[in-house]
Each structure stands twice: as structure tokens, then as C-alpha cells.
file upload_35.txt (compact mmCIF, C-alpha atoms)
# COMPACT_ATOMS: atom_id res chain seq x y z
CA MET A 15 85.19 109.37 77.27
CA THR A 16 85.51 108.79 81.03
CA PRO A 17 87.59 111.14 83.19
CA LEU A 18 90.08 108.30 83.70
CA LEU A 19 90.58 107.92 79.97
CA ASP A 20 90.95 111.70 79.66
CA ARG A 21 94.07 111.36 81.82
CA THR A 22 95.54 108.57 79.70
CA ILE A 23 98.43 109.26 77.33
CA THR A 24 98.84 106.88 74.41
CA PRO A 25 102.29 107.42 72.86
CA THR A 26 102.76 107.99 69.17
CA GLU A 27 105.71 106.44 67.37
CA ASN A 28 107.60 109.74 67.75
CA ASP A 29 106.70 109.83 71.47
CA ARG A 30 108.10 106.29 71.81
CA ARG A 31 111.37 107.26 70.14
CA LEU A 32 111.79 110.35 72.32
CA ALA A 33 110.81 108.39 75.43
CA VAL A 34 113.53 105.80 74.69
CA GLU A 35 116.16 108.51 74.36
CA SER A 36 115.10 110.54 77.39
CA SER A 37 114.54 107.54 79.67
CA GLN A 38 118.08 106.33 78.96
CA PHE A 39 119.41 109.67 80.15
CA LEU A 40 117.07 109.87 83.13
CA GLU A 41 118.01 106.34 84.18
CA LEU A 42 121.49 107.66 84.92
CA VAL A 43 120.31 110.51 87.13
CA SER A 44 117.12 109.06 88.63
CA ALA A 45 119.11 107.12 91.22
CA LEU A 46 120.36 110.37 92.76
CA PRO A 47 118.96 110.75 96.27
CA HIS A 48 118.61 114.52 95.98
CA GLU A 49 116.64 116.98 93.90
CA ILE A 50 118.01 117.88 90.50
CA ARG A 51 118.14 121.20 88.71
CA LEU A 52 116.93 121.18 85.11
CA GLN A 53 116.86 123.80 82.40
CA PHE A 54 114.60 123.96 79.37
CA LEU A 55 116.28 125.15 76.21
CA ASP A 56 113.70 125.55 73.50
CA GLU A 57 113.81 128.02 70.67
CA ASP A 58 110.12 128.88 71.14
CA ALA A 59 110.37 129.64 74.87
CA PRO A 60 112.71 131.54 77.15
CA PRO A 61 115.35 129.41 78.94
CA THR A 62 113.80 128.27 82.18
CA ALA A 63 115.58 126.54 85.06
CA PHE A 64 113.79 124.74 87.87
CA THR A 65 114.37 122.14 90.55
CA LEU A 66 112.67 118.74 90.37
CA PRO A 67 112.26 116.52 93.47
CA ALA A 68 114.14 113.22 93.28
CA THR A 69 110.89 111.27 93.68
CA ALA A 70 109.27 113.11 90.75
CA LEU A 71 112.33 112.39 88.63
CA ARG A 72 112.00 108.66 89.35
CA LEU A 73 108.28 108.77 88.52
CA LEU A 74 108.96 110.64 85.29
CA ASN A 75 111.55 108.03 84.36
CA GLU A 76 109.03 105.20 84.95
CA ILE A 77 106.46 107.01 82.81
CA LEU A 78 109.00 107.43 79.99
CA LYS A 79 110.03 103.76 80.18
CA GLU A 80 106.41 102.68 79.79
CA MET A 81 105.89 105.10 76.91
CA ALA A 82 109.07 103.76 75.27
CA LYS A 83 107.42 100.31 75.27
CA GLY A 84 104.37 101.81 73.57
CA ASN A 85 102.19 101.44 76.66
CA ALA A 86 99.47 103.95 77.43
CA VAL A 87 100.08 105.68 80.76
CA THR A 88 97.56 107.07 83.23
CA LEU A 89 98.51 109.04 86.31
CA ILE A 90 95.88 108.60 89.02
CA PRO A 91 96.09 110.36 92.39
CA THR A 92 95.45 107.98 95.29
CA ASN A 93 92.49 110.11 96.42
CA ALA A 94 90.83 110.03 92.97
CA MET A 95 87.19 108.97 92.93
CA LEU A 96 86.50 106.37 90.25
CA THR A 97 83.26 105.32 88.63
CA THR A 98 82.27 101.67 88.87
CA GLN A 99 83.18 101.25 85.19
CA GLU A 100 86.66 102.75 85.68
CA ALA A 101 87.27 100.55 88.72
CA ALA A 102 86.00 97.45 86.88
CA ASP A 103 88.29 98.28 83.96
CA ILE A 104 91.30 98.53 86.28
CA LEU A 105 90.48 95.13 87.80
CA ASN A 106 89.69 93.73 84.34
CA VAL A 107 86.23 92.53 85.40
CA SER A 108 82.74 93.37 84.20
CA ARG A 109 80.92 96.30 85.74
CA PRO A 110 78.06 94.07 87.05
CA PHE A 111 80.58 91.76 88.72
CA PHE A 112 82.31 94.77 90.29
CA VAL A 113 79.01 96.21 91.54
CA ASN A 114 78.28 92.83 93.17
CA LEU A 115 81.64 93.08 94.98
CA LEU A 116 80.62 96.49 96.31
CA GLU A 117 77.16 95.32 97.35
CA ALA A 118 78.74 92.33 99.14
CA GLY A 119 80.82 94.76 101.23
CA LYS A 120 84.16 93.65 99.76
CA MET A 121 85.40 97.26 99.56
CA PRO A 122 84.21 100.67 100.70
CA TYR A 123 82.45 103.04 98.34
CA GLN A 124 80.49 106.26 98.46
CA ARG A 125 77.15 107.09 96.93
CA LEU A 126 76.73 110.34 95.05
CA GLY A 127 73.02 110.36 94.38
CA SER A 128 72.37 107.08 92.59
CA HIS A 129 76.01 106.66 91.55
CA ARG A 130 78.70 104.71 93.39
CA ARG A 131 82.24 106.10 93.60
CA ILE A 132 85.35 104.24 94.74
CA LEU A 133 88.56 105.75 96.05
CA PHE A 134 91.50 104.65 93.95
CA LYS A 135 93.54 103.77 97.06
CA ASP A 136 90.68 101.54 98.32
CA LEU A 137 90.56 99.81 94.95
CA MET A 138 94.33 99.21 95.03
CA THR A 139 94.12 97.86 98.59
CA PHE A 140 91.42 95.41 97.45
CA LYS A 141 93.46 94.43 94.38
CA GLU A 142 96.59 93.82 96.45
CA LYS A 143 94.69 91.59 98.89
CA ALA A 144 93.02 89.68 96.04
CA ASP A 145 96.37 89.22 94.26
CA THR A 146 97.98 87.95 97.47
CA ALA A 147 95.11 85.51 98.12
CA ARG A 148 95.27 84.28 94.51
CA ALA A 149 99.03 83.71 94.74
CA GLU A 150 98.62 81.84 98.03
CA ALA A 151 95.87 79.63 96.56
CA MET A 152 98.09 78.85 93.57
CA ARG A 153 100.98 77.99 95.90
CA ARG A 154 98.77 75.61 97.89
CA MET A 155 97.42 73.97 94.74
CA THR A 156 100.96 73.48 93.41
CA GLU A 157 102.06 71.93 96.72
CA GLU A 158 99.07 69.61 96.71
CA ALA A 159 99.70 68.57 93.10
CA GLN A 160 103.32 67.77 93.95
CA GLU A 161 102.28 65.80 97.02
CA LEU A 162 99.87 63.78 94.87
CA ASP A 163 102.63 63.25 92.28
CA MET A 164 100.54 64.71 89.48
CA GLY A 165 103.60 65.44 87.34
CA TYR A 166 103.90 69.16 88.15
call {"tool": "encode", "arguments": {"input": "upload_35.txt", "output": "C-alpha cells"}}
result
Amino acid sequence: MTPLLDRTITPTENDRRLAVESSQFLELVSALPHEIRLQFLDEDAPPTAFTLPATALRLLNEILKEMAKGNAVTLIPTNAMLTTQEAADILNVSRPFFVNLLEAGKMPYQRLGSHRRILFKDLMTFKEKADTARAEAMRRMTEEAQELDMGY
């Protein structure tokens, strides 16, 4: 298993049910602009109170909403170093195609011995630019089709 997959949580049916319930509650409080104080009440542990930053509460709510849908969730720090296979998987392309992108200078990478590593934030920057270019090309093609009265 790759390190990226090690950080992936795939919800069980019970996880989904609990995520639905808890995300509905968190939805109400996640809009608060300030930190929130929480307390754990579990029979197997002492009562523990702590403060959660508002941004972490919003992130937790997004994670729970995805789990409620049955989606696997992976939390990746922006400075995480990815393997070429992990990066290719995120872009939904083959590893050889991704390596060709790197060799063509389309995004920065580092070499660790014979292995290439890609910063997650660099990968996301590349993906955002590619998505924007794709959307622009689609817009231009749609305009052209309309100008040529192709029935679109």
C-alpha cells in the first residue's frame, strides 16, 4: 500500500450513519467565525474539554459530509511529497503519461536517488491550470459550434 493510501479512510456503513448524524449537527455550528469549545463524554475515557479552531471545525464538517456519502477521504498536507504513481492517480492518468509530463518540464519535481517526488501543492497548481485551460477550450469550441449553427 502506498503512503497516500495509508492516509485514506474508507467509511463503513456504520461510519456513514454516524457521519450523517454528526455532520448535520456540525453544519449548524461550522458557520461560527470563532473557535468552539467541545467536550468528549465517553464511558471509557475521562471527560475531556478542548477548543477547536473554527477552520478545523469546517474541515471536519467537510470530511464528515464526504464520509456520509460513502466517499473515501484522504487528508494530504500541501507540503506532502508524492510518488509519481500517487500523483498520476490523483490526476487520473497513467504513470508513464505523468512521467512524460515531468520530463517535459510541465511541473517541478525532485529526485531522490532514482525516484521522482512531487509536492502536492505543485500538483494541485498544475491541475488547476489544466482544468482552467480545458474549460476555456470547451467554451471556445461551444462558441464555434454555435457560430457554425451545428445545433448545439
call {"tool": "closest_residue", "arguments": {"input": "upload_35.txt", "among": "A:Glu80, A:Lys141, A:Pro60, A:Glu27", "to": "Val107 in chain A", "atoms": "all atoms listed in the file"}}
result
A:Lys141
call {"tool": "residues_around", "arguments": {"input": "upload_35.txt", "residues": "range 85-101 of chain A", "least_positions_apart": "4", "cutoff": "12 Å", "atoms": "all atoms listed in the file", "output": "PyMOL selection string"}}
result
chain A and resi 15-27+29-30+33+73-74+76-81+105-117+121-126+128-141
call {"tool": "write_last_selection", "arguments": {"input": "upload_35.txt", "atoms": "C-alpha atoms", "output": "PDB file, keeping the file's coordinate frame"}}
result
ATOM      1  CA  MET A  15      85.190 109.370  77.270  1.00  0.00           C
ATOM      2  CA  THR A  16      85.510 108.790  81.030  1.00  0.00           C
ATOM      3  CA  PRO A  17      87.590 111.140  83.190  1.00  0.00           C
ATOM      4  CA  LEU A  18      90.080 108.300  83.700  1.00  0.00           C
ATOM      5  CA  LEU A  19      90.580 107.920  79.970  1.00  0.00           C
ATOM      6  CA  ASP A  20      90.950 111.700  79.660  1.00  0.00           C
ATOM      7  CA  ARG A  21      94.070 111.360  81.820  1.00  0.00           C
ATOM      8  CA  THR A  22      95.540 108.570  79.700  1.00  0.00           C
ATOM      9  CA  ILE A  23      98.430 109.260  77.330  1.00  0.00           C
ATOM     10  CA  THR A  24      98.840 106.880  74.410  1.00  0.00           C
ATOM     11  CA  PRO A  25     102.290 107.420  72.860  1.00  0.00           C
ATOM     12  CA  THR A  26     102.760 107.990  69.170  1.00  0.00           C
ATOM     13  CA  GLU A  27     105.710 106.440  67.370  1.00  0.00           C
ATOM     14  CA  ASP A  29     106.700 109.830  71.470  1.00  0.00           C
ATOM     15  CA  ARG A  30     108.100 106.290  71.810  1.00  0.00           C
ATOM     16  CA  ALA A  33     110.810 108.390  75.430  1.00  0.00           C
ATOM     17  CA  LEU A  73     108.280 108.770  88.520  1.00  0.00           C
ATOM     18  CA  LEU A  74     108.960 110.640  85.290  1.00  0.00           C
ATOM     19  CA  GLU A  76     109.030 105.200  84.950  1.00  0.00           C
ATOM     20  CA  ILE A  77     106.460 107.010  82.810  1.00  0.00           C
ATOM     21  CA  LEU A  78     109.000 107.430  79.990  1.00  0.00           C
ATOM     22  CA  LYS A  79     110.030 103.760  80.180  1.00  0.00           C
ATOM     23  CA  GLU A  80     106.410 102.680  79.790  1.00  0.00           C
ATOM     24  CA  MET A  81     105.890 105.100  76.910  1.00  0.00           C
ATOM     25  CA  LEU A 105      90.480  95.130  87.800  1.00  0.00           C
ATOM     26  CA  ASN A 106      89.690  93.730  84.340  1.00  0.00           C
ATOM     27  CA  VAL A 107      86.230  92.530  85.400  1.00  0.00           C
ATOM     28  CA  SER A 108      82.740  93.370  84.200  1.00  0.00           C
ATOM     29  CA  ARG A 109      80.920  96.300  85.740  1.00  0.00           C
ATOM     30  CA  PRO A 110      78.060  94.070  87.050  1.00  0.00           C
ATOM     31  CA  PHE A 111      80.580  91.760  88.720  1.00  0.00           C
ATOM     32  CA  PHE A 112      82.310  94.770  90.290  1.00  0.00           C
ATOM     33  CA  VAL A 113      79.010  96.210  91.540  1.00  0.00           C
ATOM     34  CA  ASN A 114      78.280  92.830  93.170  1.00  0.00           C
ATOM     35  CA  LEU A 115      81.640  93.080  94.980  1.00  0.00           C
ATOM     36  CA  LEU A 116      80.620  96.490  96.310  1.00  0.00           C
ATOM     37  CA  GLU A 117      77.160  95.320  97.350  1.00  0.00           C
ATOM     38  CA  MET A 121      85.400  97.260  99.560  1.00  0.00           C
ATOM     39  CA  PRO A 122      84.210 100.670 100.700  1.00  0.00           C
ATOM     40  CA  TYR A 123      82.450 103.040  98.340  1.00  0.00           C
ATOM     41  CA  GLN A 124      80.490 106.260  98.460  1.00  0.00           C
ATOM     42  CA  ARG A 125      77.150 107.090  96.930  1.00  0.00           C
ATOM     43  CA  LEU A 126      76.730 110.340  95.050  1.00  0.00           C
ATOM     44  CA  SER A 128      72.370 107.080  92.590  1.00  0.00           C
ATOM     45  CA  HIS A 129      76.010 106.660  91.550  1.00  0.00           C
ATOM     46  CA  ARG A 130      78.700 104.710  93.390  1.00  0.00           C
ATOM     47  CA  ARG A 131      82.240 106.100  93.600  1.00  0.00           C
ATOM     48  CA  ILE A 132      85.350 104.240  94.740  1.00  0.00           C
ATOM     49  CA  LEU A 133      88.560 105.750  96.050  1.00  0.00           C
ATOM     50  CA  PHE A 134      91.500 104.650  93.950  1.00  0.00           C
ATOM     51  CA  LYS A 135      93.540 103.770  97.060  1.00  0.00           C
ATOM     52  CA  ASP A 136      90.680 101.540  98.320  1.00  0.00           C
ATOM     53  CA  LEU A 137      90.560  99.810  94.950  1.00  0.00           C
ATOM     54  CA  MET A 138      94.330  99.210  95.030  1.00  0.00           C
ATOM     55  CA  THR A 139      94.120  97.860  98.590  1.00  0.00           C
ATOM     56  CA  PHE A 140      91.420  95.410  97.450  1.00  0.00           C
ATOM     57  CA  LYS A 141      93.460  94.430  94.380  1.00  0.00           C
TER      58      LYS A 141
END
call {"tool": "closest_residue", "arguments": {"input": "upload_35.txt", "among": "A:Thr146, A:Thr65, A:Asn75, A:Thr156", "to": "Ser36 in chain A", "atoms": "all atoms listed in the file"}}
result
A:Asn75
